[in-house]
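Working notes for the structure below.
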Amino acid sequence: HTSPQGSIFSCNRKAKNPADRVKYVLSGHHGPLYGLRRNPFSSKYFLSIGDWTARVWTDDAAVKTPILTTKYHPTYLTGGTWSPTRPGVFYTIKMDGTMDVWDLFYKHNEPTLTVEVSDQPLTSFAAHESGSTVAVGTADGATTILQLSAGLSEMALNEKAAMNNMFDRETQREKNLEKAMKEARIKAKKEATRKDEVADSVTEEQLRALESEFFSATKPPESAAAPEEAAPEQ
């Protein structure tokens, strides 16, 4: 489930206690989500699409951040999904009328293919089960059918195992980062507590002694006595 603010809720429908129905909440997007899909080859990983990014998450309560995030686009993303035939490929559509094909098996930082579908915003998307054909709908009601190459629709050798390894590696990296951040917060809290304890350990007697020493050091020197007046001559 998602919220208009971009949060993702992991829920357990079978929970008897209402308080246990929401397992955890993920935050990261800056607005409504227009796509939320599990990877068809490994359901523990899922794709979210919203604001200016697409993000890959793991269904692990210990990881509250995305394991992969696309670059921030200059225009809003409006939809997309995973390829039904390639575990490392997903598609995104955008307000500027373009469709991106991301192939994580080869690179993460840029889409493998960008197609200018229309000069109208793209609003809907569907992929055929063969993985070689996709349909894209536009804001003015038109639909465009696109044929993808074999390289984008046919699974590469050992791709499934390689993508699982990559997702597992990124998951572990996020766990290590969260652990390091948690340890840093605990260390900072202990340091702040230690400083407070040191400040509290100063006694009233020590404070009075310091105050007396301060005033003694800053007291102006006493003026010299005036010289005696000479007696008048006879």
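Identifiers in this document derive from the order of the structure tokens: chains are assigned A, B, ..., residues are numbered from 1 separately in each chain, and ligands are numbered from 1 in order of occurrence.
The environment of Leu122 (chain A) within 12 Å, counting only C-alpha atoms and disregarding residues fewer than 6 places along the same chain, consists of Tyr34, Thr75, Tyr76, Leu77, Thr78, Gly79, Gly80, Thr92, Ile93, Lys94, Met95, Asp96, Gly97, Thr98, Met99, Asp100, Val115, Glu116, Ala135, Val136, Gly137, Thr138, Ala139, Asp140, Gly141, Ala142, Thr143 and Thr144 of chain A.
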May I have the residues from that selection written out with C-alpha atoms, as a short mmCIF file (atom, residue, chain, number, x, y, z; two decimals), in the first residue's frame?
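Here's the written file part-v6.cif:
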data_model
loop_
_atom_site.label_atom_id
_atom_site.label_comp_id
_atom_site.auth_asym_id
_atom_site.auth_seq_id
_atom_site.Cartn_x
_atom_site.Cartn_y
_atom_site.Cartn_z
CA TYR A 34 2.51 5.87 -9.87
CA THR A 75 10.49 15.79 -15.36
CA TYR A 76 8.01 13.68 -13.36
CA LEU A 77 7.81 9.91 -13.77
CA THR A 78 4.25 8.73 -14.35
CA GLY A 79 4.47 4.93 -14.47
CA GLY A 80 6.34 1.80 -15.42
CA THR A 92 9.60 4.04 -16.83
CA ILE A 93 7.45 6.63 -18.59
CA LYS A 94 7.56 10.39 -18.01
CA MET A 95 5.65 13.64 -18.34
CA ASP A 96 7.87 14.84 -21.19
CA GLY A 97 6.60 12.04 -23.47
CA THR A 98 9.65 9.76 -23.25
CA MET A 99 10.03 6.14 -22.15
CA ASP A 100 13.21 4.80 -20.55
CA VAL A 115 12.46 6.62 -26.73
CA GLU A 116 10.56 9.82 -27.51
CA ALA A 135 1.97 -0.37 -25.03
CA VAL A 136 2.17 3.27 -23.93
CA GLY A 137 -0.82 5.58 -23.45
CA THR A 138 -0.71 9.37 -23.65
CA ALA A 139 -2.70 12.17 -22.00
CA ASP A 140 -4.67 12.83 -25.21
CA GLY A 141 -5.97 9.23 -25.31
CA ALA A 142 -3.61 7.80 -27.95
CA THR A 143 -1.85 4.44 -27.58
CA THR A 144 1.53 3.55 -29.08
#
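Residues in contact with Arg86 (chain A) at 12 Å, where only C-alpha atoms are counted and same-chain residues fewer than 6 positions away are skipped, are listed as Asn39, Pro40, Phe41, Ser42, Val101, Trp102, Asp103, Leu104, Phe105, Ala127, Glu129, Ser130, Gly131, Ser132, Ala150, Gly151, Leu152, Ser153, Glu154, Met155, Ala156, Leu157, Asn158, Glu159, Lys160, Ala161, Ala162 and Met163 of chain A.
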Per residue of region 109-201 of chain A within 8 Å of region 52-73 of chain A, which atom pair is closest and at what distance in Å (one decimal), using only C-alpha atoms, listed by chain and increasing number, as CSV?
residue,atom,partner,partner_atom,distance
A:Asn109,CA,A:Thr70,CA,6.5
A:Glu110,CA,A:Lys71,CA,7.5
A:Phe167,CA,A:Ile67,CA,7.5
A:Glu170,CA,A:Ile67,CA,5.5
A:Thr171,CA,A:Ile67,CA,5.8
A:Glu174,CA,A:Ile67,CA,6.5
A:Lys175,CA,A:Val63,CA,6.1
A:Glu178,CA,A:Val63,CA,7.8
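Here CA of Glu211 (chain A) and CA of Glu191 (chain A) stand 27.6 Å from one another.
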List every residue of chain A that DSSP, applied to the backbone of this structure, places in strand (DSSP E), and write the result as a PyMOL selection string. chain A and resi 8-11+22-26+33-39+42-50+53-58+68-69+77-82+89-94+98-103+113-116+122-127+133-138+143-147
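The smallest atom-to-atom distance between Thr81 (chain A) and any of A:Leu36, A:Asp51, A:Arg13, A:Lys44, using only C-alpha atoms, is found for A:Leu36.
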Would you mind writing down, as a ChimeraX atom specification, each residue of region 2-232 of chain A that DSSP on the backbone assigns to alpha helix (DSSP H)? /A:150-153,159-200,204-218
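Taking CA of Lys14 (chain A) and CA of Gly35 (chain A) as the two end points, the separation is 24.3 Å.
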